[in-house]
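First the structure, in the form of structure tokens, and then the observations on it.
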Amino acid sequence: MEESNRYVRLFNDIDAATVATVALILVATILLIVVSQRGLNWLANRLHGQLRFRVFALVPLTRLMILIAAIVIIVPMIIDPSLRNMVTLFGAIGLAIGFALKDYVSSLIAGVVSAVELPYRPGDWVQIEDTYGEVKHVGMRTVQIQTPDDDLVDMPHLKLWDTPVFNANDGGPSLQCVASFYLAVEVEAGWVRQALKDVALTSAYLKVDAPIVIVAEEKPWGTHYRIRAYPVDPRQQFLFVTDLTVRGKRVLGEAGVKSAVLPPDTVLDAGGEMSRPRG
Amino acid sequence: MPSPLENAAPDPMKVVELEAFTVPENTPRSTSRRLFATLKTWLTGKRDAQRQAIDEEKLRKLPEVRLAHLVPPVDWSPAADDLAEALDAHLARSPIVFFITPPYGGHEAVVAHWAKKHGVALAVPPTLEALLTGETRWREQFAFMGEADGPRWALPALERCLLRSTRGIHGVRAFLTDALAGKLGRGVIGCDSWSYAYLAHLVGLEGVPTLTLAALEGEALAAYFTQAGEKGARLTVYSARTGHPLVGEGPSADASQHELQILAAHCRGHLGVAWHYWRERLREPVADSERDGELWLLDALAEAELSNDTGDVATLVLHALLLHGGLDDRALGEVLPYSHHEVLNARLALTRRELVVEHGGRWQVAPLAYASVRALLVSRNYLVDPL
């Protein structure tokens, strides 16, 4: 009897009015979240440059603030928020999580951390494990990443705990792209360097005020040249790399520059570098 | 009796250093009015037709002949005189001086006029063929020009020496490197402000004296349009929105400044662009008016519409046209990463929307679209001009 009284004291008297109020708050919370998410996404998709990324960053933060506000309002209506009650409640919740919902709740908590620490925001280009693409939506449990092949990948936030997140533009419009050229050793490196720089300088996609760097690296089979430059908009990265590659090949071809010839058993050291713009 | 504006008519073509150039600002009243109109249009989906002093249906466009008398093409020769004065100081400390203006800003006419007046040799830009093949012999003409003391040559339109392709930048880069080193003697280079911005990154023009025309405020625009028309005509231009006279007989200084300051701010103080807006908005009554020579200025800015979701191809075409001070279809295809067919389609679509017009044998961003195109390119982080 005493045990059941203790649990009864944990909760306030819940009457029909309380239930209706809680339901109303929940509906309002859902509505607010839907409206704010859609509204901010709609607005951000109509903006460009830095402003676009700032508005995108507001999406998960706004949702988190609305959720916290709803919890702060609802919890005292259901539970008497004394220290003893809170310890009891959190103990019970912790037990349930520990046995059944560990990963799910871990993702939810990581989602809260991601909204504060911002390791990725909508509009960012990230690589998590083998997935590279644009962050389309940062949800409560997962982050949605759209790959260049147009696949939508739902990545649980809990990856944050133990997996590095490679963020190519980190909430800004600057995203470095790399175009690689593999040339024979005997080609005059100074000429190639200037020619490749001119290729970057004359690209329509080039972000002119960002640096252009030509990197040359000697390999046993030839010389590996890379153009490192930035497109005006991160979304143009594949078009930019393609433009650099196509025009670079043309310039080098017209000058009679020979490509490197790889021995049949050599594996490219760049490993999948060309599968994505960064390298 | 001269109007108050005529009494204190500011110089409409004052040459200043690039660092001294400042863009006119909207008056607080006009900013709030536009914000309110935008909000109202957004909420109601209809354009604001508030408080028009005259029904626009009672007005009509002026015949071309009359328009040519009332708003004749801008005579840039006064700027050439001002340029001559400014050059005296700058050419003493630098082998070359740039004179830049935005599209329709008259740099080519000003430099050519100055060169003719002072007997300075005019350099001829390379042909498109030379730019496409990377042939740089056009630079040789500078070695044989003029006397050793004083300015030896003038190149009125440097943008004609540039094509944004690996071959098209060779000549201009070599030319500017030699010119900056003083190997070509003293010279004056006219250049489109957009090409100048690109060349500043390509070659590095830091510290090179660069002159431009000062931006015109609303008052200066009113004074210019008052004096630009046919001599001896008693013309008065009224605002279609307020009914107040803007220029001509007894303009209300406040109304005139307010209306024309909006225009000045919208055109970033560029006379060449403002001139097109003025021409486009000028109307006369359909019926005979009691007032002789009565003219009206429409309130709307008569702009070509540029949607915020303009695609990449269209944006790159507009940007390429600005960077080169206009291009023909063949050259346009050479500077963009698309097939000539795609570029032509994009250019045709832009022409149909009146965003691109033919100007001097090349396709150029239309003057009435210039402000919105520039705003679009700024919002998308593209390279823009310093003016």
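Identifiers for the structure tokens are assigned positionally: chains receive A, B, ... in sequence, residues are indexed from 1 per chain, and ligands are indexed from 1 in the order shown.
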Proximity of chain A to chain B: per-residue shortest pair, 7 Å limit, only C-alpha atoms, as a tab-separated table:
```
residue	atom	partner	partner_atom	distance
A:Arg46	CA	B:Asn308	CA	6.9
A:His48	CA	B:Arg380	CA	5.1
A:Gly49	CA	B:Arg380	CA	5.5
A:Asp198	CA	B:Thr166	CA	5.7
A:Val199	CA	B:Thr166	CA	5.9
A:Thr202	CA	B:Arg164	CA	5.2
A:Ala204	CA	B:Leu336	CA	6.2
A:Lys207	CA	B:Tyr382	CA	6.9
A:Val208	CA	B:Leu383	CA	6.6
A:Val232	CA	B:Asn381	CA	6.2
A:Asp243	CA	B:Pro337	CA	6.4
```
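Excluding Val34 of chain A itself and same-chain residues fewer than 6 positions from it, the residues having an atom within 12 Å of it are Val27, Ala28, Leu40, Asn41, Trp42, Val59, Pro60, Thr62, Arg63, Ile66, Leu67 and Gly139 of chain A, counting only C-alpha atoms.
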field: Neighbour list for segment 121-124 of chain B as a ChimeraX atom specification, cut-off 6 Å, only C-alpha atoms, skip fewer than 6 positions in-chain
entry: /B:153-155
Any chance you can output those residues with N, CA and C atoms as an mmCIF file, in the first residue's frame?
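Writing done, so here's out_35.cif:
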```
data_model
loop_
_atom_site.group_PDB
_atom_site.id
_atom_site.type_symbol
_atom_site.label_atom_id
_atom_site.label_comp_id
_atom_site.auth_asym_id
_atom_site.auth_seq_id
_atom_site.Cartn_x
_atom_site.Cartn_y
_atom_site.Cartn_z
ATOM 1 N N TRP B 153 50.071 56.355 -75.589
ATOM 2 C CA TRP B 153 48.986 55.601 -76.205
ATOM 3 C C TRP B 153 47.770 55.544 -75.282
ATOM 4 N N ALA B 154 46.657 55.199 -75.879
ATOM 5 C CA ALA B 154 45.424 54.998 -75.109
ATOM 6 C C ALA B 154 44.726 53.766 -75.664
ATOM 7 N N LEU B 155 44.266 52.940 -74.751
ATOM 8 C CA LEU B 155 43.501 51.741 -75.138
ATOM 9 C C LEU B 155 42.104 51.926 -74.546
#
```
field: Which of segment 43-250 of chain B fall in strand (DSSP E), as a VMD selection string
entry: chain B and resid 59 to 61 96 to 101 121 to 122 153 to 155 187 to 192 210 to 213 236 to 239 245 to 248
Residues from the last selection, N, CA, C and O atoms, saved as a tab-separated table (two decimals), in the first residue's frame:
```
chain	number	residue	atom	x	y	z
B	59	LEU	N	-1.57	58.05	-70.21
B	59	LEU	CA	-0.22	58.43	-70.67
B	59	LEU	C	0.24	57.45	-71.74
B	59	LEU	O	-0.21	56.32	-71.80
B	60	ARG	N	1.14	57.91	-72.58
B	60	ARG	CA	1.69	57.02	-73.62
B	60	ARG	C	3.19	57.28	-73.77
B	60	ARG	O	3.69	58.34	-73.36
B	61	LYS	N	3.83	56.30	-74.36
B	61	LYS	CA	5.27	56.45	-74.60
B	61	LYS	C	5.50	57.55	-75.63
B	61	LYS	O	4.65	57.78	-76.50
B	96	ILE	N	50.93	53.56	-66.25
B	96	ILE	CA	49.57	53.45	-66.81
B	96	ILE	C	48.53	53.87	-65.78
B	96	ILE	O	48.74	53.76	-64.58
B	97	VAL	N	47.43	54.36	-66.31
B	97	VAL	CA	46.30	54.74	-65.46
B	97	VAL	C	45.05	54.09	-66.05
B	97	VAL	O	44.85	54.10	-67.27
B	98	PHE	N	44.27	53.50	-65.19
B	98	PHE	CA	43.00	52.90	-65.62
B	98	PHE	C	41.87	53.91	-65.47
B	98	PHE	O	41.83	54.67	-64.51
B	99	PHE	N	40.96	53.87	-66.43
B	99	PHE	CA	39.70	54.62	-66.29
B	99	PHE	C	38.58	53.60	-66.48
B	99	PHE	O	38.43	53.05	-67.57
B	100	ILE	N	37.86	53.31	-65.43
B	100	ILE	CA	36.85	52.25	-65.51
B	100	ILE	C	35.45	52.80	-65.28
B	100	ILE	O	35.26	53.75	-64.52
B	101	THR	N	34.50	52.19	-65.97
B	101	THR	CA	33.08	52.50	-65.72
B	101	THR	C	32.31	51.19	-65.88
B	101	THR	O	32.78	50.26	-66.53
B	121	ALA	N	47.92	58.38	-79.55
B	121	ALA	CA	47.58	57.28	-80.46
B	121	ALA	C	46.62	56.31	-79.80
B	121	ALA	O	46.78	55.96	-78.63
B	122	LEU	N	45.62	55.91	-80.57
B	122	LEU	CA	44.64	54.94	-80.07
B	122	LEU	C	45.06	53.53	-80.46
B	122	LEU	O	45.31	53.25	-81.63
B	153	TRP	N	50.07	56.36	-75.59
B	153	TRP	CA	48.99	55.60	-76.21
B	153	TRP	C	47.77	55.54	-75.28
B	153	TRP	O	47.87	55.81	-74.08
B	154	ALA	N	46.66	55.20	-75.88
B	154	ALA	CA	45.42	55.00	-75.11
B	154	ALA	C	44.73	53.77	-75.66
B	154	ALA	O	44.65	53.59	-76.88
B	155	LEU	N	44.27	52.94	-74.75
B	155	LEU	CA	43.50	51.74	-75.14
B	155	LEU	C	42.10	51.93	-74.55
B	155	LEU	O	41.91	51.76	-73.34
B	187	GLY	N	50.63	55.27	-70.74
B	187	GLY	CA	49.39	55.08	-71.47
B	187	GLY	C	48.18	55.11	-70.56
B	187	GLY	O	48.29	55.01	-69.34
B	188	VAL	N	47.01	55.27	-71.19
B	188	VAL	CA	45.75	55.30	-70.45
B	188	VAL	C	44.88	54.15	-70.95
B	188	VAL	O	44.73	53.96	-72.16
B	189	ILE	N	44.35	53.40	-70.00
B	189	ILE	CA	43.55	52.22	-70.36
B	189	ILE	C	42.12	52.42	-69.90
B	189	ILE	O	41.86	52.60	-68.70
B	190	GLY	N	41.20	52.39	-70.85
B	190	GLY	CA	39.78	52.38	-70.51
B	190	GLY	C	39.37	50.94	-70.33
B	190	GLY	O	39.82	50.07	-71.06
B	191	CYS	N	38.53	50.68	-69.35
B	191	CYS	CA	38.17	49.27	-69.09
B	191	CYS	C	36.80	49.19	-68.44
B	191	CYS	O	36.44	50.03	-67.61
B	192	ASP	N	36.06	48.18	-68.82
B	192	ASP	CA	34.79	47.90	-68.15
B	192	ASP	C	35.09	47.48	-66.71
B	192	ASP	O	36.04	46.74	-66.46
B	210	THR	N	43.59	54.11	-60.51
B	210	THR	CA	42.35	53.78	-61.22
B	210	THR	C	41.34	54.88	-60.99
B	210	THR	O	41.04	55.22	-59.84
B	211	LEU	N	40.84	55.42	-62.07
B	211	LEU	CA	39.87	56.51	-62.00
B	211	LEU	C	38.51	56.04	-62.48
B	211	LEU	O	38.42	55.08	-63.25
B	212	THR	N	37.51	56.73	-62.05
B	212	THR	CA	36.15	56.42	-62.50
B	212	THR	C	35.30	57.68	-62.41
B	212	THR	O	35.79	58.73	-61.97
B	213	LEU	N	34.07	57.58	-62.84
B	213	LEU	CA	33.15	58.73	-62.70
B	213	LEU	C	32.45	58.64	-61.34
B	213	LEU	O	32.03	57.55	-60.94
B	236	THR	N	8.43	70.32	-68.44
B	236	THR	CA	8.32	69.99	-67.03
B	236	THR	C	7.96	68.51	-66.93
B	236	THR	O	7.08	68.04	-67.64
B	237	VAL	N	8.66	67.83	-66.07
B	237	VAL	CA	8.38	66.40	-65.88
B	237	VAL	C	7.75	66.24	-64.50
B	237	VAL	O	8.33	66.66	-63.49
B	238	TYR	N	6.55	65.64	-64.48
B	238	TYR	CA	5.84	65.43	-63.22
B	238	TYR	C	5.96	63.96	-62.80
B	238	TYR	O	6.05	63.07	-63.65
B	239	SER	N	5.90	63.76	-61.52
B	239	SER	CA	5.89	62.39	-61.01
B	239	SER	C	4.48	61.82	-61.16
B	239	SER	O	3.51	62.43	-60.71
B	245	PRO	N	6.18	68.35	-59.77
B	245	PRO	CA	7.19	68.46	-60.83
B	245	PRO	C	8.55	67.96	-60.34
B	245	PRO	O	8.95	68.23	-59.21
B	246	LEU	N	9.22	67.19	-61.17
B	246	LEU	CA	10.53	66.62	-60.80
B	246	LEU	C	11.67	67.42	-61.39
B	246	LEU	O	12.65	67.70	-60.72
B	247	VAL	N	11.56	67.71	-62.68
B	247	VAL	CA	12.59	68.55	-63.33
B	247	VAL	C	11.86	69.57	-64.20
B	247	VAL	O	10.70	69.41	-64.52
B	248	GLY	N	12.60	70.61	-64.56
B	248	GLY	CA	12.04	71.64	-65.42
B	248	GLY	C	11.59	72.83	-64.61
B	248	GLY	O	12.28	73.26	-63.69
```
- prompt: If we count only C-alpha atoms, what is near Leu205 of chain B at a cut-off of 10 Å, once residues fewer than 6 positions away on the same chain are taken out, given as a ChimeraX atom specification?
  reply: /B:98,176-177,180,196-197,199
Now that the selection is made, can you save its residues with all heavy atoms as a compact mmCIF listing (two decimals), in the first residue's frame?
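The resulting file, result_35.txt, is shown below:
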```
# COMPACT_ATOMS: atom_id res chain seq x y z
N PHE B 98 44.27 53.50 -65.19
CA PHE B 98 43.00 52.90 -65.62
C PHE B 98 41.87 53.91 -65.47
O PHE B 98 41.83 54.67 -64.51
CB PHE B 98 42.66 51.68 -64.76
CG PHE B 98 43.28 50.40 -65.24
CD1 PHE B 98 44.52 49.98 -64.76
CD2 PHE B 98 42.63 49.61 -66.17
CE1 PHE B 98 45.09 48.80 -65.20
CE2 PHE B 98 43.19 48.43 -66.61
CZ PHE B 98 44.42 48.02 -66.14
N LEU B 176 49.56 43.63 -69.93
CA LEU B 176 49.50 44.36 -68.66
C LEU B 176 50.82 44.23 -67.88
O LEU B 176 51.24 45.19 -67.22
CB LEU B 176 48.32 43.86 -67.81
CG LEU B 176 46.95 44.34 -68.28
CD1 LEU B 176 45.84 43.70 -67.46
CD2 LEU B 176 46.85 45.87 -68.19
N THR B 177 51.44 43.07 -67.96
CA THR B 177 52.73 42.89 -67.27
C THR B 177 53.76 43.87 -67.82
O THR B 177 54.47 44.55 -67.06
CB THR B 177 53.23 41.44 -67.43
OG1 THR B 177 52.18 40.56 -67.00
CG2 THR B 177 54.46 41.17 -66.61
N LEU B 180 52.66 47.56 -66.92
CA LEU B 180 52.90 47.89 -65.51
C LEU B 180 54.39 48.07 -65.22
O LEU B 180 54.77 48.87 -64.35
CB LEU B 180 52.33 46.78 -64.61
CG LEU B 180 50.80 46.72 -64.52
CD1 LEU B 180 50.35 45.43 -63.86
CD2 LEU B 180 50.27 47.92 -63.75
N TYR B 196 37.73 44.68 -65.30
CA TYR B 196 38.77 45.17 -64.40
C TYR B 196 38.84 44.29 -63.14
O TYR B 196 39.92 43.92 -62.68
CB TYR B 196 38.47 46.62 -64.04
CG TYR B 196 39.40 47.23 -63.01
CD1 TYR B 196 40.61 47.79 -63.39
CD2 TYR B 196 39.06 47.24 -61.66
CE1 TYR B 196 41.48 48.34 -62.46
CE2 TYR B 196 39.91 47.77 -60.71
CZ TYR B 196 41.11 48.33 -61.12
OH TYR B 196 41.97 48.87 -60.18
N ALA B 197 37.66 43.95 -62.61
CA ALA B 197 37.63 43.10 -61.40
C ALA B 197 38.27 41.75 -61.68
O ALA B 197 39.02 41.22 -60.85
CB ALA B 197 36.18 42.93 -60.94
N LEU B 199 40.48 41.06 -64.12
CA LEU B 199 41.91 41.24 -64.40
C LEU B 199 42.69 41.53 -63.12
O LEU B 199 43.87 41.17 -63.02
CB LEU B 199 42.09 42.38 -65.41
CG LEU B 199 41.66 42.05 -66.84
CD1 LEU B 199 41.58 43.30 -67.70
CD2 LEU B 199 42.62 41.04 -67.46
```
message: One decimal, in Å: what's the spacing between atom CA of Glu354 of chain B and atom CA of Arg330 of chain B?
response: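 If I compute the distance from atom CA of Glu354 of chain B to atom CA of Arg330 of chain B, I get 20.2 Å.
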query: What residues in segment 112-200 of chain B get the DSSP label alpha helix (DSSP H)? Please answer as a PyMOL selection string.
result: chain B and resi 112-117+128-133+170-180+193-200
- prompt: From the set A:Asn167, A:Ala70, A:Ala255, A:Phe11, which residue has the shortest atom-to-atom contact distance to Leu31 of chain A, counting only C-alpha atoms?
  reply: A:Ala70
- prompt: Looking at only C-alpha atoms, which of B:Glu280, B:Asp329, B:Glu219, B:Glu140 is the one that sits closest to Glu64 of chain B?
  reply: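 Going through B:Glu280, B:Asp329, B:Glu219, B:Glu140 one by one, the smallest distance to Glu64 of chain B is for B:Glu280.
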message: One decimal, in Å: what's the spacing between atom CA of Ala109 of chain B and atom CA of Ala366 of chain B?
response: 19.0 Å
task: Within 9 Å of Asn169 of chain A, counting only C-alpha atoms, which residues show up once you throw out same-chain ones fewer than 4 positions away? Write them as number ranges by chain, please.
output: A: 123-126, 173-176, 234
message: Residues within 8 Å of Met140 of chain A, please, as JSON, numbers by chain. Count only C-alpha atoms; anything in the same chain fewer than 2 positions from it doesn't count.
response: {"A": [107, 108, 111, 112, 138, 142]}
